[in-house]
file work_34.json (JSON, C-alpha atoms and all ligand atoms)
[["chain", "number", "residue", "atom", "x", "y", "z"],
["A", 1, "MET", "CA", -15.96, -2.02, 4.36],
["A", 2, "HIS", "CA", -13.80, -2.41, 1.33],
["A", 3, "LEU", "CA", -10.00, -2.02, 1.49],
["A", 4, "LEU", "CA", -7.52, -2.05, -1.39],
["A", 5, "ALA", "CA", -4.10, -3.65, -0.86],
["A", 6, "LEU", "CA", -1.10, -2.43, -2.87],
["A", 7, "SER", "CA", 2.17, -4.36, -2.88],
["A", 8, "GLY", "CA", 5.37, -2.53, -3.72],
["A", 9, "SER", "CA", 6.95, -5.73, -5.04],
["A", 10, "LEU", "CA", 6.36, -7.44, -8.39],
["A", 11, "ARG", "CA", 8.10, -10.68, -7.28],
["A", 12, "ALA", "CA", 6.01, -13.82, -7.40],
["A", 13, "GLY", "CA", 7.40, -14.89, -4.01],
["A", 14, "SER", "CA", 7.21, -11.40, -2.49],
["A", 15, "LEU", "CA", 7.14, -11.19, 1.30],
["A", 16, "ASN", "CA", 5.16, -7.96, 1.03],
["A", 17, "THR", "CA", 2.50, -9.45, -1.22],
["A", 18, "GLY", "CA", 2.48, -12.44, 1.16],
["A", 19, "ALA", "CA", 1.71, -10.15, 4.09],
["A", 20, "LEU", "CA", -1.18, -8.62, 2.16],
["A", 21, "ARG", "CA", -2.51, -12.07, 1.24],
["A", 22, "ALA", "CA", -2.37, -13.04, 4.92],
["A", 23, "LEU", "CA", -4.26, -9.84, 5.77],
["A", 24, "GLN", "CA", -6.94, -10.80, 3.25],
["A", 25, "LYS", "CA", -7.38, -14.16, 4.93],
["A", 26, "LEU", "CA", -7.72, -12.82, 8.45],
["A", 27, "ALA", "CA", -10.01, -9.89, 7.68],
["A", 28, "PRO", "CA", -13.07, -9.98, 9.92],
["A", 29, "GLU", "CA", -16.59, -10.39, 8.58],
["A", 30, "GLY", "CA", -17.77, -7.25, 6.85],
["A", 31, "VAL", "CA", -14.25, -6.26, 5.79],
["A", 32, "ALA", "CA", -13.09, -7.18, 2.28],
["A", 33, "VAL", "CA", -9.46, -6.73, 1.27],
["A", 34, "ALA", "CA", -8.86, -6.73, -2.49],
["A", 35, "LEU", "CA", -5.32, -7.10, -3.83],
["A", 36, "TYR", "CA", -4.57, -4.81, -6.79],
["A", 37, "ASP", "CA", -2.31, -6.64, -9.22],
["A", 38, "GLY", "CA", -1.76, -4.15, -12.01],
["A", 39, "ILE", "CA", 1.26, -2.17, -10.82],
["A", 40, "GLY", "CA", 3.69, -3.91, -13.18],
["A", 41, "ALA", "CA", 1.50, -3.09, -16.19],
["A", 42, "LEU", "CA", 1.22, 0.66, -15.57],
["A", 43, "PRO", "CA", 3.01, 2.84, -18.13],
["A", 44, "HIS", "CA", 5.79, 5.14, -16.98],
["A", 45, "PHE", "CA", 4.28, 8.27, -15.53],
["A", 46, "ASN", "CA", 4.12, 11.11, -18.02],
["A", 47, "HIS", "CA", 2.31, 14.30, -17.11],
["A", 48, "ASP", "CA", 1.62, 15.06, -20.79],
["A", 49, "VAL", "CA", -0.21, 11.73, -21.10],
["A", 50, "GLU", "CA", -2.03, 12.39, -17.83],
["A", 51, "MET", "CA", -3.28, 15.70, -19.18],
["A", 52, "SER", "CA", -4.42, 14.27, -22.55],
["A", 53, "ALA", "CA", -5.80, 10.72, -22.52],
["A", 54, "LEU", "CA", -5.44, 8.76, -19.29],
["A", 55, "PRO", "CA", -4.37, 5.15, -20.07],
["A", 56, "GLU", "CA", -7.02, 2.53, -19.32],
["A", 57, "SER", "CA", -4.75, 0.83, -16.75],
["A", 58, "VAL", "CA", -4.46, 4.10, -14.83],
["A", 59, "VAL", "CA", -8.21, 4.71, -15.04],
["A", 60, "GLU", "CA", -8.71, 1.24, -13.52],
["A", 61, "LEU", "CA", -6.15, 1.87, -10.73],
["A", 62, "ARG", "CA", -7.80, 5.17, -9.86],
["A", 63, "ARG", "CA", -11.25, 3.55, -9.99],
["A", 64, "GLN", "CA", -10.18, 0.87, -7.50],
["A", 65, "VAL", "CA", -8.52, 3.39, -5.18],
["A", 66, "ALA", "CA", -11.56, 5.70, -5.32],
["A", 67, "ALA", "CA", -13.90, 2.81, -4.48],
["A", 68, "ALA", "CA", -11.85, 1.75, -1.45],
["A", 69, "ASP", "CA", -12.58, 2.99, 2.08],
["A", 70, "GLY", "CA", -8.85, 2.70, 2.75],
["A", 71, "VAL", "CA", -5.59, 1.59, 1.16],
["A", 72, "VAL", "CA", -3.11, -0.86, 2.71],
["A", 73, "ILE", "CA", 0.47, -0.66, 1.43],
["A", 74, "ALA", "CA", 3.24, -3.20, 1.95],
["A", 75, "CYS", "CA", 6.38, -2.05, 0.18],
["A", 76, "PRO", "CA", 10.00, -3.24, 0.27],
["A", 77, "GLU", "CA", 13.11, -1.08, 0.31],
["A", 78, "TYR", "CA", 15.36, -0.98, -2.77],
["A", 79, "ALA", "CA", 18.69, 0.86, -2.45],
["A", 80, "HIS", "CA", 17.34, 2.81, 0.53],
["A", 81, "GLY", "CA", 14.32, 3.95, -1.47],
["A", 82, "ILE", "CA", 10.85, 3.11, -2.76],
["A", 83, "PRO", "CA", 11.00, 0.61, -5.68],
["A", 84, "GLY", "CA", 10.66, 2.52, -8.95],
["A", 85, "SER", "CA", 7.58, 0.64, -10.13],
["A", 86, "PHE", "CA", 5.74, 1.47, -6.93],
["A", 87, "LYS", "CA", 6.75, 5.14, -6.94],
["A", 88, "ASN", "CA", 5.50, 5.19, -10.54],
["A", 89, "ALA", "CA", 2.09, 3.94, -9.38],
["A", 90, "LEU", "CA", 2.01, 6.61, -6.65],
["A", 91, "ASP", "CA", 2.91, 9.28, -9.20],
["A", 92, "TRP", "CA", -0.19, 8.29, -11.23],
["A", 93, "LEU", "CA", -2.26, 8.84, -8.09],
["A", 94, "VAL", "CA", -0.89, 12.32, -7.29],
["A", 95, "GLY", "CA", -3.34, 13.94, -9.71],
["A", 96, "MET", "CA", -6.32, 11.86, -8.61],
["A", 97, "PRO", "CA", -8.94, 14.28, -7.29],
["A", 98, "ASP", "CA", -10.25, 12.08, -4.48],
["A", 99, "PHE", "CA", -6.93, 10.73, -3.18],
["A", 100, "PRO", "CA", -6.50, 13.48, -0.55],
["A", 101, "GLY", "CA", -7.91, 12.25, 2.76],
["A", 102, "LYS", "CA", -7.72, 8.57, 1.73],
["A", 103, "PRO", "CA", -6.82, 6.51, 4.82],
["A", 104, "VAL", "CA", -3.56, 4.56, 4.41],
["A", 105, "MET", "CA", -2.12, 1.74, 6.52],
["A", 106, "LEU", "CA", 1.55, 0.79, 6.10],
["A", 107, "ILE", "CA", 2.98, -2.69, 6.58],
["A", 108, "ASN", "CA", 6.77, -2.98, 6.88],
["A", 109, "THR", "CA", 7.96, -6.56, 6.45],
["A", 110, "SER", "CA", 11.59, -5.61, 7.15],
["A", 111, "PRO", "CA", 11.76, -3.24, 10.14],
["A", 112, "ARG", "CA", 15.56, -2.95, 9.69],
["A", 113, "ALA", "CA", 14.82, -1.08, 6.50],
["A", 114, "SER", "CA", 13.62, 2.36, 7.55],
["A", 115, "HIS", "CA", 14.53, 4.53, 4.53],
["A", 116, "ALA", "CA", 11.77, 3.35, 2.20],
["A", 117, "GLN", "CA", 9.15, 3.59, 4.96],
["A", 118, "ALA", "CA", 10.23, 7.14, 5.76],
["A", 119, "ALA", "CA", 10.16, 8.03, 2.06],
["A", 120, "LEU", "CA", 6.71, 6.46, 1.68],
["A", 121, "ARG", "CA", 5.40, 8.52, 4.60],
["A", 122, "GLU", "CA", 6.86, 11.67, 3.09],
["A", 123, "VAL", "CA", 5.39, 10.96, -0.37],
["A", 124, "LEU", "CA", 1.96, 9.99, 0.97],
["A", 125, "THR", "CA", 1.85, 13.01, 3.26],
["A", 126, "THR", "CA", 2.67, 15.21, 0.27],
["A", 127, "MET", "CA", -0.20, 13.52, -1.57],
["A", 128, "SER", "CA", -2.47, 14.45, 1.38],
["A", 129, "ALA", "CA", -3.22, 10.84, 2.26],
["A", 130, "ARG", "CA", -4.60, 10.29, 5.74],
["A", 131, "LEU", "CA", -1.88, 8.15, 7.32],
["A", 132, "VAL", "CA", -3.12, 6.05, 10.24],
["A", 133, "PRO", "CA", 0.05, 5.42, 12.31],
["A", 134, "GLU", "CA", -1.80, 3.47, 15.00],
["A", 135, "ALA", "CA", -2.60, 0.86, 12.33],
["A", 136, "ASP", "CA", 0.94, 0.48, 11.01],
["A", 137, "VAL", "CA", 2.49, -2.96, 11.32],
["A", 138, "ALA", "CA", 6.23, -3.72, 11.39],
["A", 139, "VAL", "CA", 7.04, -7.42, 11.37],
["A", 140, "GLU", "CA", 10.19, -9.16, 10.17],
["A", 141, "LEU", "CA", 9.05, -11.66, 7.53],
["A", 142, "ARG", "CA", 12.43, -12.87, 6.25],
["A", 143, "ASN", "CA", 12.68, -16.61, 6.94],
["A", 144, "ARG", "CA", 9.21, -16.53, 8.47],
["A", 145, "SER", "CA", 5.64, -17.05, 7.33],
["A", 146, "ALA", "CA", 2.95, -14.39, 7.51],
["A", 147, "ASP", "CA", 0.63, -17.13, 8.77],
["A", 148, "GLU", "CA", 2.64, -17.62, 12.01],
["A", 149, "PRO", "CA", 0.45, -16.78, 15.02],
["A", 150, "GLU", "CA", 2.58, -13.87, 16.26],
["A", 151, "ILE", "CA", 2.65, -12.24, 12.82],
["A", 152, "ALA", "CA", -1.02, -12.95, 12.15],
["A", 153, "GLN", "CA", -1.82, -11.30, 15.48],
["A", 154, "ALA", "CA", 0.18, -8.17, 14.59],
["A", 155, "LEU", "CA", -1.65, -7.95, 11.25],
["A", 156, "ARG", "CA", -5.02, -8.51, 12.94],
["A", 157, "THR", "CA", -4.34, -5.75, 15.51],
["A", 158, "GLY", "CA", -3.22, -3.29, 12.81],
["A", 159, "LEU", "CA", -6.21, -4.09, 10.63],
["A", 160, "ALA", "CA", -8.63, -3.59, 13.53],
["A", 161, "ALA", "CA", -7.16, -0.13, 14.22],
["A", 162, "PHE", "CA", -7.31, 0.69, 10.51],
["A", 163, "VAL", "CA", -10.92, -0.43, 10.12],
["A", 164, "GLU", "CA", -11.86, 1.71, 13.10],
["A", 165, "ALA", "CA", -10.04, 4.72, 11.63],
["A", 166, "CYS", "CA", -11.63, 4.21, 8.19],
["A", 167, "GLY", "CA", -15.05, 4.08, 9.79],
["A", 168, "SER", "CA", -14.51, 7.29, 11.73],
["A", 169, "GLU", "CA", -14.63, 10.83, 10.40],
["A", 170, "GLY", "CA", -10.84, 10.88, 10.63],
["A", 171, "HIS", "CA", -8.74, 13.93, 9.90],
["A", 172, "SER", "CA", -6.75, 13.34, 13.09],
["B", 201, "LIG", "C1", 17.63, -4.27, -5.97],
["B", 201, "LIG", "C2", 17.45, -4.52, -4.49],
["B", 201, "LIG", "C3", 17.79, -3.53, -3.59],
["B", 201, "LIG", "C4", 17.61, -3.75, -2.22],
["B", 201, "LIG", "N1", 17.94, -2.76, -1.34],
["B", 201, "LIG", "C5", 17.69, -2.92, -0.02],
["B", 201, "LIG", "C6", 17.99, -1.87, 0.91],
["B", 201, "LIG", "O1", 18.44, -0.80, 0.56],
["B", 201, "LIG", "N2", 17.71, -2.10, 2.22],
["B", 201, "LIG", "C7", 17.18, -3.28, 2.66],
["B", 201, "LIG", "O2", 16.96, -3.43, 3.87],
["B", 201, "LIG", "N3", 16.88, -4.29, 1.80],
["B", 201, "LIG", "C8", 17.13, -4.13, 0.48],
["B", 201, "LIG", "N4", 16.83, -5.13, -0.40],
["B", 201, "LIG", "C9", 16.21, -6.35, 0.10],
["B", 201, "LIG", "C10", 14.70, -6.32, -0.16],
["B", 201, "LIG", "O3", 14.08, -5.20, 0.44],
["B", 201, "LIG", "C11", 14.09, -7.60, 0.38],
["B", 201, "LIG", "O4", 14.61, -8.66, -0.38],
["B", 201, "LIG", "C12", 12.60, -7.63, 0.34],
["B", 201, "LIG", "O5", 12.16, -8.83, 0.92],
["B", 201, "LIG", "C13", 12.04, -7.55, -1.05],
["B", 201, "LIG", "O6", 10.63, -7.49, -0.96],
["B", 201, "LIG", "P1", 9.70, -8.66, -1.51],
["B", 201, "LIG", "O7", 10.08, -9.92, -0.79],
["B", 201, "LIG", "O8", 8.32, -8.21, -1.18],
["B", 201, "LIG", "O9", 9.95, -8.76, -2.99],
["B", 201, "LIG", "C14", 17.05, -4.96, -1.77],
["B", 201, "LIG", "C15", 16.71, -5.95, -2.71],
["B", 201, "LIG", "C16", 16.90, -5.74, -4.04],
["B", 201, "LIG", "C17", 16.50, -6.80, -5.04]]

call {"tool": "encode", "arguments": {"input": "work_34.json", "output": "C-alpha cells"}}
result
Amino acid sequence: MHLLALSGSLRAGSLNTGALRALQKLAPEGVAVALYDGIGALPHFNHDVEMSALPESVVELRRQVAAADGVVIACPEYAHGIPGSFKNALDWLVGMPDFPGKPVMLINTSPRASHAQAALREVLTTMSARLVPEADVAVELRNRSADEPEIAQALRTGLAAFVEACGSEGHS
C-alpha cells in the first residue's frame, strides 16, 4: 500500500511535517508513506492555465496523488483558515478526474485550532474526497515531539484505521 503525505506548512521546522515524518517511520511493513515536497513550488492556481497547458509541477502533483491508495494531510491553522499555499495545492486538485473517492486521513497537531480542520473537511468533502474520520488523529505537538510514545501510538492507531479503510471498498 502506498500513501502520499501532504503537509500544509512550508516551514523547515514544521510540527505538521514532523508528524508526517513520524508517520513514515512507524508505518508497518507493506505500507509506504511518501512525503510530497512540492507545495511551495506550485504556481498560483489559474483556471485558464489549467484549461490550456497544465504546469509540469501540477502534472507531477496529480501523478503522485493518482498513484496513492490514500492521502494523509497534516495542516496548520493560519488566521482561522487553511494556509494559502495549501489551499492553492487543493485548488489544483479540484479538477483532477480521479480525485473523487480518494481516501483522506487528517492529522491535527493543534487540537485547539478547529477552524482550519473544519474548513479542510468542507473543502475536501466538496472535492468528493472519501474522508475517513475513524483514522483522524488530533494530538497537541507544541512543545512536544512526534516521537513520544503517546503521540506515536495515536499516529499508529490512526494509520492502522486508515490502511484498513484504504484496503476496503469504502464509500461509507
Ligand atoms: C500567520 C500565522 C497565523 C496563525 N493563525 C493561527 C490561528 O488562527 N489559530 C491557531 O490556533 N494558530 C495559529 N497560528 C499558529 C500556527 O498554527 C502554529 O504555529 C503551527 O504550529 C504552525 O504549523 P507548523 O508548525 O506545521 O508550521 C498561526 C501562525 C501563523 C504564522

call {"tool": "closest_residue", "arguments": {"input": "work_34.json", "among": "A:Asn46, A:Ser114, A:Ser7, A:Ser168", "to": "A:Val132", "atoms": "all atoms listed in the file"}}
result
A:Ser168

call {"tool": "closest_residue", "arguments": {"input": "work_34.json", "among": "A:Ala152, A:Val94, A:Cys75, A:Leu131", "to": "A:Ala113", "atoms": "only C-alpha atoms"}}
result
A:Cys75

call {"tool": "residues_around", "arguments": {"input": "work_34.json", "residues": "A:Asp37", "least_positions_apart": "4", "cutoff": "9 Å", "atoms": "all atoms listed in the file", "output": "list in words"}}
result
Leu6, Ser7, Leu10 and Ala41 of chain A

call {"tool": "closest_residue", "arguments": {"input": "work_34.json", "among": "A:Ala118, A:Ile82, A:Ala27, A:Ala32", "to": "ligand LIG 201 (chain B)", "atoms": "all atoms listed in the file"}}
result
A:Ile82

call {"tool": "atom_distance", "arguments": {"input": "work_34.json", "atom1": "atom O4 of ligand LIG 201 (chain B)", "atom2": "atom CA of A:Ser128"}}
result
28.8 Å

call {"tool": "atom_distance", "arguments": {"input": "work_34.json", "atom1": "atom CA of A:His115", "atom2": "atom CA of A:Glu134"}}
result
19.4 Å

call {"tool": "residues_around", "arguments": {"input": "work_34.json", "residues": "A:Lys25", "least_positions_apart": "3", "cutoff": "12 Å", "atoms": "all atoms listed in the file", "output": "short mmCIF file (atom, residue, chain, number, x, y, z; two decimals) with C-alpha atoms, in the coordinates of the input"}}
result
data_model
loop_
_atom_site.label_atom_id
_atom_site.label_comp_id
_atom_site.auth_asym_id
_atom_site.auth_seq_id
_atom_site.Cartn_x
_atom_site.Cartn_y
_atom_site.Cartn_z
CA GLY A 18 2.48 -12.44 1.16
CA ALA A 19 1.71 -10.15 4.09
CA LEU A 20 -1.18 -8.62 2.16
CA ARG A 21 -2.51 -12.07 1.24
CA ALA A 22 -2.37 -13.04 4.92
CA PRO A 28 -13.07 -9.98 9.92
CA GLU A 29 -16.59 -10.39 8.58
CA VAL A 31 -14.25 -6.26 5.79
CA ALA A 32 -13.09 -7.18 2.28
CA VAL A 33 -9.46 -6.73 1.27
CA ALA A 34 -8.86 -6.73 -2.49
CA LEU A 35 -5.32 -7.10 -3.83
CA ALA A 146 2.95 -14.39 7.51
CA ASP A 147 0.63 -17.13 8.77
CA ALA A 152 -1.02 -12.95 12.15
CA LEU A 155 -1.65 -7.95 11.25
CA ARG A 156 -5.02 -8.51 12.94
CA LEU A 159 -6.21 -4.09 10.63
#

call {"tool": "closest_atom_pairs", "arguments": {"input": "work_34.json", "of": "chain A", "to": "ligand LIG 201 (chain B)", "cutoff": "9 Å", "atoms": "all atoms listed in the file", "output": "CSV"}}
result
residue,atom,partner,partner_atom,distance
A:Ser7,CA,B:LIG201,O8,7.5
A:Gly8,CA,B:LIG201,O8,6.9
A:Ser9,CA,B:LIG201,O9,4.7
A:Leu10,CA,B:LIG201,O9,6.6
A:Arg11,CA,B:LIG201,O9,5.1
A:Ala12,CA,B:LIG201,O9,7.8
A:Gly13,CA,B:LIG201,O7,6.5
A:Ser14,CA,B:LIG201,O8,3.6
A:Leu15,CA,B:LIG201,O7,3.8
A:Asn16,CA,B:LIG201,O8,3.9
A:Thr17,CA,B:LIG201,O8,6.0
A:Gly18,CA,B:LIG201,O8,7.6
A:Ala19,CA,B:LIG201,O8,8.7
A:Ala74,CA,B:LIG201,O8,7.8
A:Cys75,CA,B:LIG201,O8,6.6
A:Pro76,CA,B:LIG201,O6,4.5
A:Glu77,CA,B:LIG201,O3,4.2
A:Tyr78,CA,B:LIG201,N1,3.4
A:Ala79,CA,B:LIG201,O1,3.4
A:His80,CA,B:LIG201,O1,3.8
A:Gly81,CA,B:LIG201,O1,6.6
A:Pro83,CA,B:LIG201,C3,8.2
A:Thr109,CA,B:LIG201,O5,7.3
A:Ser110,CA,B:LIG201,O2,6.7
A:Pro111,CA,B:LIG201,O2,8.1
A:Arg112,CA,B:LIG201,O2,6.0
A:Ala113,CA,B:LIG201,O2,4.1
A:Ser114,CA,B:LIG201,O2,7.6
A:His115,CA,B:LIG201,N2,7.7
A:Ala116,CA,B:LIG201,O1,8.0
A:Leu141,CA,B:LIG201,O5,7.8
A:Arg142,CA,B:LIG201,O5,6.7

call {"tool": "write_last_selection", "arguments": {"input": "work_34.json", "atoms": "C-alpha atoms", "output": "PDB file, in the frame of the given file"}}
result
ATOM      1  CA  SER A   7       2.170  -4.360  -2.880  1.00  0.00           C
ATOM      2  CA  GLY A   8       5.370  -2.530  -3.720  1.00  0.00           C
ATOM      3  CA  SER A   9       6.950  -5.730  -5.040  1.00  0.00           C
ATOM      4  CA  LEU A  10       6.360  -7.440  -8.390  1.00  0.00           C
ATOM      5  CA  ARG A  11       8.100 -10.680  -7.280  1.00  0.00           C
ATOM      6  CA  ALA A  12       6.010 -13.820  -7.400  1.00  0.00           C
ATOM      7  CA  GLY A  13       7.400 -14.890  -4.010  1.00  0.00           C
ATOM      8  CA  SER A  14       7.210 -11.400  -2.490  1.00  0.00           C
ATOM      9  CA  LEU A  15       7.140 -11.190   1.300  1.00  0.00           C
ATOM     10  CA  ASN A  16       5.160  -7.960   1.030  1.00  0.00           C
ATOM     11  CA  THR A  17       2.500  -9.450  -1.220  1.00  0.00           C
ATOM     12  CA  GLY A  18       2.480 -12.440   1.160  1.00  0.00           C
ATOM     13  CA  ALA A  19       1.710 -10.150   4.090  1.00  0.00           C
ATOM     14  CA  ALA A  74       3.240  -3.200   1.950  1.00  0.00           C
ATOM     15  CA  CYS A  75       6.380  -2.050   0.180  1.00  0.00           C
ATOM     16  CA  PRO A  76      10.000  -3.240   0.270  1.00  0.00           C
ATOM     17  CA  GLU A  77      13.110  -1.080   0.310  1.00  0.00           C
ATOM     18  CA  TYR A  78      15.360  -0.980  -2.770  1.00  0.00           C
ATOM     19  CA  ALA A  79      18.690   0.860  -2.450  1.00  0.00           C
ATOM     20  CA  HIS A  80      17.340   2.810   0.530  1.00  0.00           C
ATOM     21  CA  GLY A  81      14.320   3.950  -1.470  1.00  0.00           C
ATOM     22  CA  PRO A  83      11.000   0.610  -5.680  1.00  0.00           C
ATOM     23  CA  THR A 109       7.960  -6.560   6.450  1.00  0.00           C
ATOM     24  CA  SER A 110      11.590  -5.610   7.150  1.00  0.00           C
ATOM     25  CA  PRO A 111      11.760  -3.240  10.140  1.00  0.00           C
ATOM     26  CA  ARG A 112      15.560  -2.950   9.690  1.00  0.00           C
ATOM     27  CA  ALA A 113      14.820  -1.080   6.500  1.00  0.00           C
ATOM     28  CA  SER A 114      13.620   2.360   7.550  1.00  0.00           C
ATOM     29  CA  HIS A 115      14.530   4.530   4.530  1.00  0.00           C
ATOM     30  CA  ALA A 116      11.770   3.350   2.200  1.00  0.00           C
ATOM     31  CA  LEU A 141       9.050 -11.660   7.530  1.00  0.00           C
ATOM     32  CA  ARG A 142      12.430 -12.870   6.250  1.00  0.00           C
TER      33      ARG A 142
END

call {"tool": "closest_residue", "arguments": {"input": "work_34.json", "among": "A:Pro55, A:Gly70, A:Pro100, A:Gly84", "to": "A:Ala135", "atoms": "only C-alpha atoms"}}
result
A:Gly70

call {"tool": "residues_around", "arguments": {"input": "work_34.json", "residues": "A:Ala66", "least_positions_apart": "2", "cutoff": "12 Å", "atoms": "all atoms listed in the file", "output": "ChimeraX atom specification"}}
result
/A:2-4,58-64,68-71,93,96-103

call {"tool": "closest_residue", "arguments": {"input": "work_34.json", "among": "A:Arg144, A:Arg130, A:Arg121, A:Lys87", "to": "A:Cys166", "atoms": "only C-alpha atoms"}}
result
A:Arg130

call {"tool": "axis_aligned_box", "arguments": {"input": "work_34.json", "around": "stretch 53-69 of chain A", "padding_each_side": "3 Å", "output": "lines of an AutoDock Vina configuration file"}}
result
center_x = -9.1
center_y = 5.8
center_z = -10.2
size_x = 15.5
size_y = 15.9
size_z = 30.6

call {"tool": "atom_distance", "arguments": {"input": "work_34.json", "atom1": "atom CA of A:Ile151", "atom2": "atom CA of A:Ala165"}}
result
21.2 Å

call {"tool": "closest_residue", "arguments": {"input": "work_34.json", "among": "A:Leu54, A:Ala67, A:Val104, A:Ile73", "to": "A:Phe162", "atoms": "only C-alpha atoms"}}
result
A:Val104
